[in-house]
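Visitor: PDB, C-alpha atoms and all ligand atoms, file final05.pdb:
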ATOM      1  CA  MET A   1      31.735 -43.299  46.365
ATOM      2  CA  ASN A   2      29.345 -43.287  43.547
ATOM      3  CA  VAL A   3      28.991 -39.816  42.063
ATOM      4  CA  PRO A   4      25.627 -39.427  40.397
ATOM      5  CA  ASP A   5      25.962 -38.726  36.681
ATOM      6  CA  THR A   6      24.212 -35.368  36.152
ATOM      7  CA  ARG A   7      24.958 -35.228  32.423
ATOM      8  CA  ARG A   8      21.930 -35.535  30.234
ATOM      9  CA  PRO A   9      21.787 -39.000  28.836
ATOM     10  CA  HIS A  10      22.445 -39.087  25.132
ATOM     11  CA  ARG A  11      19.134 -40.141  23.678
ATOM     12  CA  ALA A  12      18.729 -41.427  20.197
ATOM     13  CA  VAL A  13      16.256 -39.317  18.241
ATOM     14  CA  ARG A  14      13.285 -41.477  17.608
ATOM     15  CA  PRO A  15      11.923 -41.329  14.019
ATOM     16  CA  VAL A  16       8.536 -40.028  15.202
ATOM     17  CA  ALA A  17      10.104 -37.187  17.217
ATOM     18  CA  TRP A  18      12.414 -36.337  14.294
ATOM     19  CA  PHE A  19       9.483 -36.215  11.911
ATOM     20  CA  ALA A  20       7.477 -33.996  14.289
ATOM     21  CA  ALA A  21      10.443 -31.635  14.717
ATOM     22  CA  CYS A  22      10.843 -31.366  10.928
ATOM     23  CA  ARG A  23       7.163 -30.621  10.545
ATOM     24  CA  ALA A  24       7.340 -27.914  13.194
ATOM     25  CA  LEU A  25      10.400 -26.345  11.537
ATOM     26  CA  THR A  26       8.747 -26.427   8.095
ATOM     27  CA  ALA A  27       5.632 -24.809   9.533
ATOM     28  CA  LEU A  28       7.777 -22.091  11.108
ATOM     29  CA  ILE A  29       9.596 -21.392   7.832
ATOM     30  CA  CYS A  30       6.318 -21.361   5.902
ATOM     31  CA  THR A  31       4.735 -19.023   8.441
ATOM     32  CA  ALA A  32       7.716 -16.660   8.299
ATOM     33  CA  ALA A  33       7.768 -16.727   4.486
ATOM     34  CA  GLY A  34       4.006 -16.275   4.351
ATOM     35  CA  THR A  35       4.197 -13.315   6.715
ATOM     36  CA  ALA A  36       6.929 -11.721   4.600
ATOM     37  CA  VAL A  37       4.881 -12.191   1.422
ATOM     38  CA  PHE A  38       1.796 -10.816   3.164
ATOM     39  CA  TRP A  39       3.596  -7.676   4.354
ATOM     40  CA  ALA A  40       5.292  -7.172   0.989
ATOM     41  CA  SER A  41       1.944  -7.433  -0.762
ATOM     42  CA  ALA A  42       0.152  -5.267   1.817
ATOM     43  CA  PHE A  43       2.900  -2.693   1.529
ATOM     44  CA  ALA A  44       2.833  -2.795  -2.300
ATOM     45  CA  GLN A  45      -0.866  -1.947  -2.113
ATOM     46  CA  GLY A  46      -0.166   0.932   0.232
ATOM     47  CA  LEU A  47      -1.915  -0.834   3.141
ATOM     48  CA  ALA A  48       0.975  -1.143   5.538
ATOM     49  CA  PRO A  49       3.915   1.061   6.476
ATOM     50  CA  MET A  50       7.285  -0.171   5.244
ATOM     51  CA  PRO A  51       8.996  -1.451   8.380
ATOM     52  CA  VAL A  52      12.608  -0.938   7.297
ATOM     53  CA  MET A  53      13.819   1.840   5.008
ATOM     54  CA  GLU A  54      16.772   1.355   2.772
ATOM     55  CA  GLU A  55      19.445   4.037   2.738
ATOM     56  CA  VAL A  56      19.456   6.152  -0.397
ATOM     57  CA  PRO A  57      23.066   6.886  -1.392
ATOM     58  CA  PHE A  58      24.258  10.113  -3.022
ATOM     59  CA  ILE A  59      24.522   9.447  -6.754
ATOM     60  CA  THR A  60      24.068  12.325  -9.157
ATOM     61  CA  THR A  61      21.707  12.406 -12.106
ATOM     62  CA  PRO A  62      23.838  13.214 -15.207
ATOM     63  CA  ASP A  63      23.232  16.694 -16.653
ATOM     64  CA  ASN A  64      21.512  15.570 -19.868
ATOM     65  CA  VAL A  65      19.235  13.274 -17.854
ATOM     66  CA  THR A  66      18.377  16.146 -15.489
ATOM     67  CA  VAL A  67      17.240  18.221 -18.471
ATOM     68  CA  SER A  68      15.201  15.296 -19.832
ATOM     69  CA  MET A  69      13.484  14.790 -16.464
ATOM     70  CA  LEU A  70      12.392  18.428 -16.434
ATOM     71  CA  GLU A  71      11.310  18.254 -20.086
ATOM     72  CA  LEU A  72       9.291  15.092 -19.410
ATOM     73  CA  ALA A  73       7.472  16.949 -16.628
ATOM     74  CA  GLY A  74       6.932  19.943 -18.961
ATOM     75  CA  VAL A  75       8.476  22.315 -16.395
ATOM     76  CA  ASN A  76       7.961  26.025 -17.072
ATOM     77  CA  SER A  77       8.273  29.341 -15.264
ATOM     78  CA  GLN A  78       4.944  28.836 -13.466
ATOM     79  CA  ASP A  79       6.144  25.673 -11.739
ATOM     80  CA  PHE A  80       7.402  24.997  -8.264
ATOM     81  CA  VAL A  81       9.775  22.021  -8.435
ATOM     82  CA  LEU A  82      10.483  19.942  -5.324
ATOM     83  CA  ASP A  83      13.426  17.514  -5.477
ATOM     84  CA  LEU A  84      13.241  14.855  -2.766
ATOM     85  CA  GLY A  85      16.810  14.020  -1.753
ATOM     86  CA  SER A  86      18.391  16.850  -3.723
ATOM     87  CA  GLY A  87      22.082  15.857  -3.508
ATOM     88  CA  ASP A  88      24.216  18.690  -4.893
ATOM     89  CA  GLY A  89      21.116  20.620  -5.986
ATOM     90  CA  ARG A  90      21.438  20.097  -9.736
ATOM     91  CA  ILE A  91      17.761  19.366 -10.508
ATOM     92  CA  VAL A  92      16.363  22.426  -8.734
ATOM     93  CA  ILE A  93      19.185  24.630 -10.053
ATOM     94  CA  THR A  94      18.632  23.446 -13.643
ATOM     95  CA  ALA A  95      14.857  23.950 -13.268
ATOM     96  CA  ALA A  96      15.533  27.567 -12.254
ATOM     97  CA  ARG A  97      18.325  28.398 -14.697
ATOM     98  CA  ARG A  98      17.031  26.693 -17.822
ATOM     99  CA  PHE A  99      13.236  26.625 -17.310
ATOM    100  CA  GLY A 100      12.689  29.690 -15.082
ATOM    101  CA  ALA A 101      10.934  27.659 -12.355
ATOM    102  CA  ARG A 102      11.173  28.182  -8.603
ATOM    103  CA  GLY A 103      12.127  25.201  -6.522
ATOM    104  CA  LEU A 104      13.093  23.573  -3.269
ATOM    105  CA  GLY A 105      15.555  20.757  -2.643
ATOM    106  CA  VAL A 106      15.379  18.794   0.603
ATOM    107  CA  GLU A 107      18.458  16.824   1.566
ATOM    108  CA  ILE A 108      19.449  14.946   4.715
ATOM    109  CA  VAL A 109      23.234  15.447   4.418
ATOM    110  CA  PRO A 110      24.239  18.932   5.670
ATOM    111  CA  GLU A 111      27.388  19.204   3.500
ATOM    112  CA  LEU A 112      25.314  18.566   0.367
ATOM    113  CA  VAL A 113      22.865  21.284   1.398
ATOM    114  CA  GLU A 114      25.768  23.725   1.789
ATOM    115  CA  ARG A 115      27.184  22.647  -1.571
ATOM    116  CA  SER A 116      23.775  23.112  -3.229
ATOM    117  CA  ARG A 117      23.510  26.659  -1.883
ATOM    118  CA  ARG A 118      26.973  27.489  -3.215
ATOM    119  CA  ASN A 119      26.069  25.931  -6.577
ATOM    120  CA  ALA A 120      22.843  27.976  -6.729
ATOM    121  CA  GLN A 121      24.836  31.180  -5.984
ATOM    122  CA  ALA A 122      27.353  30.333  -8.685
ATOM    123  CA  ALA A 123      24.544  29.664 -11.184
ATOM    124  CA  GLY A 124      22.895  33.006 -10.309
ATOM    125  CA  VAL A 125      19.608  31.414  -9.212
ATOM    126  CA  ALA A 126      19.863  31.613  -5.404
ATOM    127  CA  ASP A 127      16.654  33.701  -5.374
ATOM    128  CA  LYS A 128      14.705  30.871  -7.061
ATOM    129  CA  ALA A 129      16.389  27.702  -5.794
ATOM    130  CA  GLU A 130      16.126  27.028  -2.062
ATOM    131  CA  PHE A 131      17.755  24.143  -0.181
ATOM    132  CA  ARG A 132      16.864  22.795   3.232
ATOM    133  CA  GLU A 133      18.451  20.190   5.430
ATOM    134  CA  GLN A 134      15.335  18.104   5.920
ATOM    135  CA  ASP A 135      14.046  14.541   5.910
ATOM    136  CA  LEU A 136      12.062  14.006   2.727
ATOM    137  CA  PHE A 137       9.509  11.952   4.683
ATOM    138  CA  LYS A 138       8.800  14.967   6.893
ATOM    139  CA  THR A 139       8.489  17.377   3.977
ATOM    140  CA  ASP A 140       5.223  19.072   3.037
ATOM    141  CA  LEU A 141       4.697  18.015  -0.575
ATOM    142  CA  THR A 142       1.557  20.044  -1.231
ATOM    143  CA  ALA A 143       3.159  23.262  -2.538
ATOM    144  CA  ALA A 144       4.870  21.517  -5.460
ATOM    145  CA  SER A 145       3.486  21.417  -8.982
ATOM    146  CA  VAL A 146       6.351  19.075  -9.983
ATOM    147  CA  ILE A 147       8.153  16.549  -7.757
ATOM    148  CA  THR A 148      11.392  14.910  -8.868
ATOM    149  CA  MET A 149      12.976  11.825  -7.317
ATOM    150  CA  TYR A 150      16.101   9.751  -7.753
ATOM    151  CA  LEU A 151      15.633   7.448  -4.804
ATOM    152  CA  LEU A 152      15.046   3.695  -4.531
ATOM    153  CA  PRO A 153      12.060   1.472  -5.428
ATOM    154  CA  ALA A 154      11.123   0.835  -1.784
ATOM    155  CA  VAL A 155      11.299   4.542  -0.987
ATOM    156  CA  ASN A 156       9.120   5.409  -3.998
ATOM    157  CA  LEU A 157       6.564   2.883  -2.755
ATOM    158  CA  GLN A 158       6.693   4.317   0.723
ATOM    159  CA  LEU A 159       5.990   7.792  -0.701
ATOM    160  CA  ARG A 160       3.214   6.562  -3.013
ATOM    161  CA  PRO A 161       0.186   7.085  -0.719
ATOM    162  CA  ALA A 162       1.242  10.680   0.012
ATOM    163  CA  LEU A 163       1.911  11.355  -3.691
ATOM    164  CA  LEU A 164      -1.478   9.952  -4.704
ATOM    165  CA  GLY A 165      -3.171  12.340  -2.271
ATOM    166  CA  LEU A 166      -1.671  15.473  -3.858
ATOM    167  CA  THR A 167      -3.597  18.008  -5.919
ATOM    168  CA  PRO A 168      -4.756  16.330  -9.152
ATOM    169  CA  GLY A 169      -2.473  17.340 -11.999
ATOM    170  CA  THR A 170       0.723  17.426  -9.906
ATOM    171  CA  ARG A 171       3.492  15.900 -12.064
ATOM    172  CA  LEU A 172       5.899  13.365 -10.615
ATOM    173  CA  VAL A 173       9.113  12.287 -12.326
ATOM    174  CA  SER A 174      11.323   9.482 -11.078
ATOM    175  CA  HIS A 175      14.763   8.646 -12.387
ATOM    176  CA  ASP A 176      15.046   4.882 -12.942
ATOM    177  CA  TRP A 177      12.556   3.591 -10.337
ATOM    178  CA  ASP A 178       8.841   3.105 -10.762
ATOM    179  CA  MET A 179       5.961   2.931  -8.282
ATOM    180  CA  GLY A 180       4.832  -0.692  -8.511
ATOM    181  CA  GLN A 181       1.215  -1.108  -9.562
ATOM    182  CA  TRP A 182       0.813   2.612 -10.204
ATOM    183  CA  THR A 183       2.100   2.405 -13.769
ATOM    184  CA  PRO A 184       3.694   5.550 -15.233
ATOM    185  CA  ASP A 185       1.708   7.702 -17.666
ATOM    186  CA  ARG A 186       4.830   8.004 -19.800
ATOM    187  CA  THR A 187       8.350   6.540 -19.769
ATOM    188  CA  TRP A 188      11.384   7.796 -21.613
ATOM    189  CA  THR A 189      14.638   5.925 -22.016
ATOM    190  CA  VAL A 190      17.562   8.316 -22.439
ATOM    191  CA  GLU A 191      21.227   7.742 -23.060
ATOM    192  CA  ALA A 192      23.336   8.498 -20.022
ATOM    193  CA  PRO A 193      27.037   8.129 -20.912
ATOM    194  CA  ALA A 194      28.045   9.957 -17.701
ATOM    195  CA  LYS A 195      26.021   7.661 -15.431
ATOM    196  CA  TYR A 196      27.995   6.217 -12.505
ATOM    197  CA  ILE A 197      25.979   3.041 -12.117
ATOM    198  CA  GLY A 198      24.831   0.338 -14.523
ATOM    199  CA  ARG A 199      26.606  -1.112 -17.541
ATOM    200  CA  GLU A 200      24.052  -0.005 -20.136
ATOM    201  CA  LYS A 201      24.490   3.754 -19.574
ATOM    202  CA  LEU A 202      20.777   4.299 -20.050
ATOM    203  CA  SER A 203      18.288   5.983 -17.723
ATOM    204  CA  GLN A 204      14.576   5.282 -17.440
ATOM    205  CA  LEU A 205      12.506   8.356 -16.670
ATOM    206  CA  HIS A 206       8.932   7.845 -15.494
ATOM    207  CA  LEU A 207       6.155  10.444 -15.388
ATOM    208  CA  TRP A 208       2.923  10.229 -13.391
ATOM    209  CA  VAL A 209       0.187  12.873 -13.313
ATOM    210  CA  VAL A 210      -1.687  12.662 -10.007
ATOM    211  CA  PRO A 211      -5.222  11.510 -10.883
ATOM    212  CA  ALA A 212      -8.358  13.012  -9.337
ATOM    213  CA  PRO A 213     -10.239  10.505  -7.168
ATOM    214  CA  VAL A 214     -13.427   9.874  -9.176
ATOM    215  CA  ALA A 215     -14.544   6.385  -8.111
ATOM    216  CA  GLY A 216     -18.249   6.099  -7.372
ATOM    217  CA  LEU A 217     -21.644   6.855  -8.847
ATOM    218  CA  TRP A 218     -22.176  10.053 -10.832
ATOM    219  CA  CYS A 219     -25.674  11.255 -11.782
ATOM    220  CA  GLY A 220     -26.695  13.481 -14.677
ATOM    221  CA  PRO A 221     -29.973  14.712 -16.187
ATOM    222  CA  ALA A 222     -32.614  12.405 -17.687
ATOM    223  CA  GLY A 223     -31.316   9.235 -16.025
ATOM    224  CA  LEU A 224     -27.717   9.595 -17.202
ATOM    225  CA  GLN A 225     -25.363   7.821 -14.805
ATOM    226  CA  TRP A 226     -21.735   6.769 -14.634
ATOM    227  CA  GLN A 227     -20.585   4.093 -12.229
ATOM    228  CA  LEU A 228     -16.795   4.334 -12.066
ATOM    229  CA  GLY A 229     -14.271   2.001 -10.470
ATOM    230  CA  GLN A 230     -10.744   3.405 -10.183
ATOM    231  CA  GLU A 231      -7.313   1.909  -9.668
ATOM    232  CA  PHE A 232      -4.724   4.688  -9.693
ATOM    233  CA  GLN A 233      -5.333   6.462 -13.070
ATOM    234  CA  MET A 234      -7.248   3.568 -14.677
ATOM    235  CA  LEU A 235     -11.046   3.451 -14.799
ATOM    236  CA  ARG A 236     -13.567   0.774 -15.592
ATOM    237  CA  GLY A 237     -17.296   0.862 -15.116
ATOM    238  CA  GLN A 238     -20.657   1.416 -16.732
ATOM    239  CA  ALA A 239     -22.296   4.477 -18.220
ATOM    240  CA  GLY A 240     -25.522   5.428 -19.966
ATOM    241  CA  ARG A 241     -29.213   6.059 -19.362
ATOM    242  CA  THR A 242     -30.749   3.927 -16.633
ATOM    243  CA  ALA A 243     -31.912   1.000 -18.791
ATOM    244  CA  ASP A 244     -29.140   1.217 -21.383
ATOM    245  CA  LEU A 245     -25.747   1.015 -19.662
ATOM    246  CA  SER A 246     -22.597   0.157 -21.573
ATOM    247  CA  LEU A 247     -19.322  -1.139 -20.173
ATOM    248  CA  LEU A 248     -16.475   1.352 -20.382
ATOM    249  CA  LEU A 249     -12.781   1.698 -19.850
ATOM    250  CA  GLY A 250     -11.111   4.981 -19.070
ATOM    251  CA  ARG A 251      -8.257   6.887 -17.556
ATOM    252  CA  VAL A 252      -7.842   9.996 -15.447
ATOM    253  CA  ASP A 253      -5.255  12.602 -16.375
ATOM    254  CA  GLY A 254      -5.252  15.082 -13.483
ATOM    255  CA  ASN A 255      -8.827  16.415 -13.518
ATOM    256  CA  THR A 256      -9.596  15.177 -17.039
ATOM    257  CA  LEU A 257     -11.438  11.894 -17.596
ATOM    258  CA  HIS A 258     -11.260   9.965 -20.862
ATOM    259  CA  LEU A 259     -13.874   7.217 -21.294
ATOM    260  CA  TRP A 260     -14.173   4.654 -24.061
ATOM    261  CA  ALA A 261     -16.691   2.010 -25.112
ATOM    262  CA  PRO A 262     -16.903   0.316 -28.536
ATOM    263  CA  GLY A 263     -17.558   3.163 -31.008
ATOM    264  CA  ALA A 264     -17.901   5.747 -28.244
ATOM    265  CA  TYR A 265     -15.648   8.313 -26.548
ATOM    266  CA  ALA A 266     -16.233  11.006 -23.946
ATOM    267  CA  ARG A 267     -13.991  13.555 -22.250
ATOM    268  CA  ALA A 268     -15.080  15.158 -19.006
ATOM    269  CA  GLU A 269     -13.519  17.755 -16.704
ATOM    270  CA  ARG A 270     -13.842  17.455 -12.939
ATOM    271  CA  HIS A 271     -14.600  20.614 -10.969
ATOM    272  CA  GLN A 272     -14.398  20.370  -7.243
ATOM    273  CA  GLN A 273     -16.579  22.814  -5.360
ATOM    274  CA  GLY A 274     -15.945  21.629  -1.803
ATOM    275  CA  ALA A 275     -15.815  18.008  -0.713
ATOM    276  CA  GLN A 276     -19.530  17.422  -1.276
ATOM    277  CA  ALA A 277     -19.914  19.211  -4.579
ATOM    278  CA  ASP A 278     -17.880  17.345  -7.143
ATOM    279  CA  VAL A 279     -19.037  17.915 -10.725
ATOM    280  CA  LEU A 280     -18.008  16.173 -13.953
ATOM    281  CA  ARG A 281     -18.788  18.211 -17.060
ATOM    282  CA  VAL A 282     -18.794  16.417 -20.412
ATOM    283  CA  MET A 283     -16.675  18.500 -22.818
ATOM    284  CA  GLU A 284     -16.565  16.107 -25.753
ATOM    285  CA  ALA A 285     -18.650  13.062 -26.673
ATOM    286  CA  SER A 286     -19.010  10.938 -29.786
ATOM    287  CA  GLY A 287     -20.805   7.863 -31.158
ATOM    288  CA  PRO A 288     -23.793   6.781 -29.080
ATOM    289  CA  TRP A 289     -22.679   9.188 -26.319
ATOM    290  CA  THR A 290     -22.907  12.359 -28.493
ATOM    291  CA  SER A 291     -26.009  13.619 -26.645
ATOM    292  CA  TRP A 292     -24.058  13.807 -23.349
ATOM    293  CA  ARG A 293     -21.989  16.772 -24.580
ATOM    294  CA  GLY A 294     -22.256  19.752 -22.210
ATOM    295  CA  GLN A 295     -24.028  17.804 -19.496
ATOM    296  CA  ALA A 296     -22.986  17.857 -15.854
ATOM    297  CA  LEU A 297     -22.917  14.860 -13.533
ATOM    298  CA  ARG A 298     -22.818  15.157  -9.758
ATOM    299  CA  LYS A 299     -21.406  12.674  -7.262
ATOM    300  CA  ALA A 300     -24.263  10.646  -5.765
ATOM    301  CA  ALA A 301     -24.642  10.923  -2.016
ATOM    302  CA  ALA A 302     -26.008   7.354  -1.826
ATOM    303  CA  ASP A 303     -25.734   4.246  -4.023
ATOM    304  CA  GLN A 304     -28.538   5.350  -6.360
ATOM    305  CA  CYS A 305     -29.259   8.348  -8.541
ATOM    306  CA  THR A 306     -32.468   9.990  -7.367
ATOM    307  CA  PRO A 307     -34.726  11.075 -10.239
TER
HETATM  308  C1  LIG B 401      20.519   9.243  -5.600
HETATM  309  S1  LIG B 401      20.799  10.776  -4.789
HETATM  310  C2  LIG B 401      19.968  11.900  -5.887
HETATM  311  C3  LIG B 401      20.499  13.307  -5.823
HETATM  312  C4  LIG B 401      19.825  14.278  -6.782
HETATM  313  N1  LIG B 401      18.387  14.314  -6.586
HETATM  314  C5  LIG B 401      20.138  13.908  -8.215
HETATM  315  O1  LIG B 401      19.230  13.320  -8.874
HETATM  316  O2  LIG B 401      21.236  14.181  -8.675
HETATM  317  C6  LIG B 401      19.660  10.646  -3.403
HETATM  318  C7  LIG B 401      19.861  11.706  -2.349
HETATM  319  O3  LIG B 401      18.860  11.537  -1.353
HETATM  320  C8  LIG B 401      19.421  11.894  -0.090
HETATM  321  N2  LIG B 401      18.566  11.303   0.962
HETATM  322  C9  LIG B 401      18.529  10.021   1.368
HETATM  323  N3  LIG B 401      17.595   9.858   2.331
HETATM  324  C10 LIG B 401      17.028  11.068   2.527
HETATM  325  C11 LIG B 401      15.996  11.536   3.383
HETATM  326  N4  LIG B 401      15.372  10.717   4.234
HETATM  327  N5  LIG B 401      15.656  12.838   3.318
HETATM  328  C12 LIG B 401      16.290  13.682   2.465
HETATM  329  N6  LIG B 401      17.286  13.292   1.644
HETATM  330  C13 LIG B 401      17.652  12.003   1.660
HETATM  331  C14 LIG B 401      20.820  11.326  -0.174
HETATM  332  O4  LIG B 401      21.665  11.937   0.760
HETATM  333  C15 LIG B 401      21.189  11.630  -1.617
HETATM  334  O5  LIG B 401      21.849  12.867  -1.737
END
Taking this structure as input, can you express it in the form of structure tokens?
Guide:
Amino acid sequence: MNVPDTRRPHRAVRPVAWFAACRALTALICTAAGTAVFWASAFAQGLAPMPVMEEVPFITTPDNVTVSMLELAGVNSQDFVLDLGSGDGRIVITAARRFGARGLGVEIVPELVERSRRNAQAAGVADKAEFREQDLFKTDLTAASVITMYLLPAVNLQLRPALLGLTPGTRLVSHDWDMGQWTPDRTWTVEAPAKYIGREKLSQLHLWVVPAPVAGLWCGPAGLQWQLGQEFQMLRGQAGRTADLSLLLGRVDGNTLHLWAPGAYARAERHQQGAQADVLRVMEASGPWTSWRGQALRKAAADQCTP
């Protein structure tokens, strides 16, 4: 009896089919790579949530580096220091013991929280240094005047939108890792002979001062106007009387604006009186801008200054 052969016949791959399959595979790889690049870039700009979070291991900041981090932030007894991922509590404890600041450490590992509390007791600062078992991503950041971090680059980037929204003037210090396009206001390199990782035994410490959001059109007396574009703490735009605008560059340091044009400088302080009543007051002005000194500019409600 003839048994029908149910095996698939072995077919030679024709060159056209092979070529089409290769093209399809290449397109798939390109699409996947393109999607990855898109999400990485969208995430870097703070547009998309980071889909996967890396684990942050427990590695301590050496003692001398801890002190330098707090010095870079200018910590003093008026400050409230928040350490995100506080490990054995050393940053908050040092801020209390050496600089007189109050502080909070949030840490996900319960044993480290217990150890931090014991360390705070032993250092005699348990009344100033609090530790909570808490996810740093679920922590209210708004009470802090200084935030310290020894995390990972991706985690810093994930925190960036929340950090940028904090009260202008809040100081942020990160051990080793930066925040992508939000360049630090200051970076120190310090020797770290007791560092567990890295061959160089150096630590990079980065400081950012949360900038006030000042992008937009600002209107002053007698046709004075400032049109400001802002990317993080950097400004560029135009300023002057209506028919005589000059290009400017500037930066925002908390609520203080510094503006420059060739031969000209101005410093202004931002005062927020409710969401609708932002005022920039010119405290210092030189060169062709000297006459602006003392003047106040208000945020325009529309895209023109009304006379
Ligand atoms: C590199 S260690 C830094 C410890 C300490 N801040 C220091 O500088 O010595 C990072 C710490 O973050 C903690 N951590 C990781 N993910 C966390 C999360 N989602 N919430 C709170 N803590 C976290 C880890 O357990 C670890 O103790």
Visitor: When you look at region 290-293 of chain A with a cut-off of 12 Å (counting only C-alpha atoms), what residues show up, excluding the ones that are within fewer than 5 positions of it in the same chain? I need them as a list in words.
Guide: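 Here the answer would be Cys219, Gly220, Pro221, Ala222, Gly223, Leu224, Gln225, Trp226, Ala239, Gly240, Arg241, Gly263, Ala264, Tyr265, Ala266, Arg267, Ala268, Glu269, Leu280, Arg281, Val282, Met283, Glu284 and Ala285 of chain A.
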Visitor: Do you know which residues are within 10 Å of ligand LIG 401 (chain B) using all atoms listed in the file? Can you write them as a PyMOL selection string?
Guide: chain A and resi 53-63+65-66+69+82-92+105-113+132-139+148-152+155+174-175
Visitor: Convert the current residue selection to file output with C-alpha atoms, as a compact mmCIF listing (two decimals), in the coordinates of the input.
Guide:
# COMPACT_ATOMS: atom_id res chain seq x y z
CA MET A 53 13.82 1.84 5.01
CA GLU A 54 16.77 1.36 2.77
CA GLU A 55 19.44 4.04 2.74
CA VAL A 56 19.46 6.15 -0.40
CA PRO A 57 23.07 6.89 -1.39
CA PHE A 58 24.26 10.11 -3.02
CA ILE A 59 24.52 9.45 -6.75
CA THR A 60 24.07 12.32 -9.16
CA THR A 61 21.71 12.41 -12.11
CA PRO A 62 23.84 13.21 -15.21
CA ASP A 63 23.23 16.69 -16.65
CA VAL A 65 19.24 13.27 -17.85
CA THR A 66 18.38 16.15 -15.49
CA MET A 69 13.48 14.79 -16.46
CA LEU A 82 10.48 19.94 -5.32
CA ASP A 83 13.43 17.51 -5.48
CA LEU A 84 13.24 14.86 -2.77
CA GLY A 85 16.81 14.02 -1.75
CA SER A 86 18.39 16.85 -3.72
CA GLY A 87 22.08 15.86 -3.51
CA ASP A 88 24.22 18.69 -4.89
CA GLY A 89 21.12 20.62 -5.99
CA ARG A 90 21.44 20.10 -9.74
CA ILE A 91 17.76 19.37 -10.51
CA VAL A 92 16.36 22.43 -8.73
CA GLY A 105 15.56 20.76 -2.64
CA VAL A 106 15.38 18.79 0.60
CA GLU A 107 18.46 16.82 1.57
CA ILE A 108 19.45 14.95 4.72
CA VAL A 109 23.23 15.45 4.42
CA PRO A 110 24.24 18.93 5.67
CA GLU A 111 27.39 19.20 3.50
CA LEU A 112 25.31 18.57 0.37
CA VAL A 113 22.86 21.28 1.40
CA ARG A 132 16.86 22.80 3.23
CA GLU A 133 18.45 20.19 5.43
CA GLN A 134 15.34 18.10 5.92
CA ASP A 135 14.05 14.54 5.91
CA LEU A 136 12.06 14.01 2.73
CA PHE A 137 9.51 11.95 4.68
CA LYS A 138 8.80 14.97 6.89
CA THR A 139 8.49 17.38 3.98
CA THR A 148 11.39 14.91 -8.87
CA MET A 149 12.98 11.82 -7.32
CA TYR A 150 16.10 9.75 -7.75
CA LEU A 151 15.63 7.45 -4.80
CA LEU A 152 15.05 3.70 -4.53
CA VAL A 155 11.30 4.54 -0.99
CA SER A 174 11.32 9.48 -11.08
CA HIS A 175 14.76 8.65 -12.39
Visitor: One decimal, in Å: what's the spacing between CA of Asp176 (chain A) and CA of Gln204 (chain A)?
Guide: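 A separation of 4.5 Å between them.
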Visitor: What do you get, as number ranges by chain, if you spell out every residue that the PyMOL selection byres (((chain A and resi 279) around 12) and not hetatm) selects here?
Guide: A: 212, 214, 217-220, 255-257, 268-278, 280-282, 295-300
Visitor: Okay, now the selection with C-alpha atoms, as a short mmCIF file (atom, residue, chain, number, x, y, z; two decimals), keeping the file's coordinate frame?
Guide:
data_model
loop_
_atom_site.label_atom_id
_atom_site.label_comp_id
_atom_site.auth_asym_id
_atom_site.auth_seq_id
_atom_site.Cartn_x
_atom_site.Cartn_y
_atom_site.Cartn_z
CA ALA A 212 -8.36 13.01 -9.34
CA VAL A 214 -13.43 9.87 -9.18
CA LEU A 217 -21.64 6.86 -8.85
CA TRP A 218 -22.18 10.05 -10.83
CA CYS A 219 -25.67 11.26 -11.78
CA GLY A 220 -26.70 13.48 -14.68
CA ASN A 255 -8.83 16.42 -13.52
CA THR A 256 -9.60 15.18 -17.04
CA LEU A 257 -11.44 11.89 -17.60
CA ALA A 268 -15.08 15.16 -19.01
CA GLU A 269 -13.52 17.76 -16.70
CA ARG A 270 -13.84 17.45 -12.94
CA HIS A 271 -14.60 20.61 -10.97
CA GLN A 272 -14.40 20.37 -7.24
CA GLN A 273 -16.58 22.81 -5.36
CA GLY A 274 -15.94 21.63 -1.80
CA ALA A 275 -15.82 18.01 -0.71
CA GLN A 276 -19.53 17.42 -1.28
CA ALA A 277 -19.91 19.21 -4.58
CA ASP A 278 -17.88 17.34 -7.14
CA LEU A 280 -18.01 16.17 -13.95
CA ARG A 281 -18.79 18.21 -17.06
CA VAL A 282 -18.79 16.42 -20.41
CA GLN A 295 -24.03 17.80 -19.50
CA ALA A 296 -22.99 17.86 -15.85
CA LEU A 297 -22.92 14.86 -13.53
CA ARG A 298 -22.82 15.16 -9.76
CA LYS A 299 -21.41 12.67 -7.26
CA ALA A 300 -24.26 10.65 -5.76
#
Visitor: Just want the 7 Å neighbourhood of region 121-127 of chain A, counted on all atoms listed in the file, with same-chain residues fewer than 3 positions away dropped. Output as a PyMOL selection string.
Guide: chain A and resi 93+96-97+117-118+130
Visitor: Generate the output file for the selected residues, C-alpha atoms, as a PDB file, keeping the file's coordinate frame.
Guide:
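Writing the result to again14.pdb gives the following:
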ATOM      1  CA  ILE A  93      19.185  24.630 -10.053  1.00  0.00           C
ATOM      2  CA  ALA A  96      15.533  27.567 -12.254  1.00  0.00           C
ATOM      3  CA  ARG A  97      18.325  28.398 -14.697  1.00  0.00           C
ATOM      4  CA  ARG A 117      23.510  26.659  -1.883  1.00  0.00           C
ATOM      5  CA  ARG A 118      26.973  27.489  -3.215  1.00  0.00           C
ATOM      6  CA  GLU A 130      16.126  27.028  -2.062  1.00  0.00           C
TER       7      GLU A 130
END
Visitor: Could you work out how far CA of Gly250 (chain A) lies from CA of Ser145 (chain A), giving the answer in Å with one decimal?
Guide: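 According to the coordinates, CA of Ser145 (chain A) and CA of Gly250 (chain A) are separated by 24.2 Å.
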Visitor: So which residues fall inside 9 Å of (13.1, 25.0, -16.6) if we count only C-alpha atoms? Mind giving them as a PyMOL selection string?
Guide: chain A and resi 67+70-71+74-77+79+92-102
Visitor: Go through A:Arg160, A:Gly229, A:Trp289, A:Ala73 one by one, measure the shortest atom-to-atom distance of each to Leu172 (chain A) using only C-alpha atoms, and give the residue with the smallest value.
Guide: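 Of A:Arg160, A:Gly229, A:Trp289, A:Ala73, the one nearest Leu172 (chain A), counting only C-alpha atoms, is A:Ala73.
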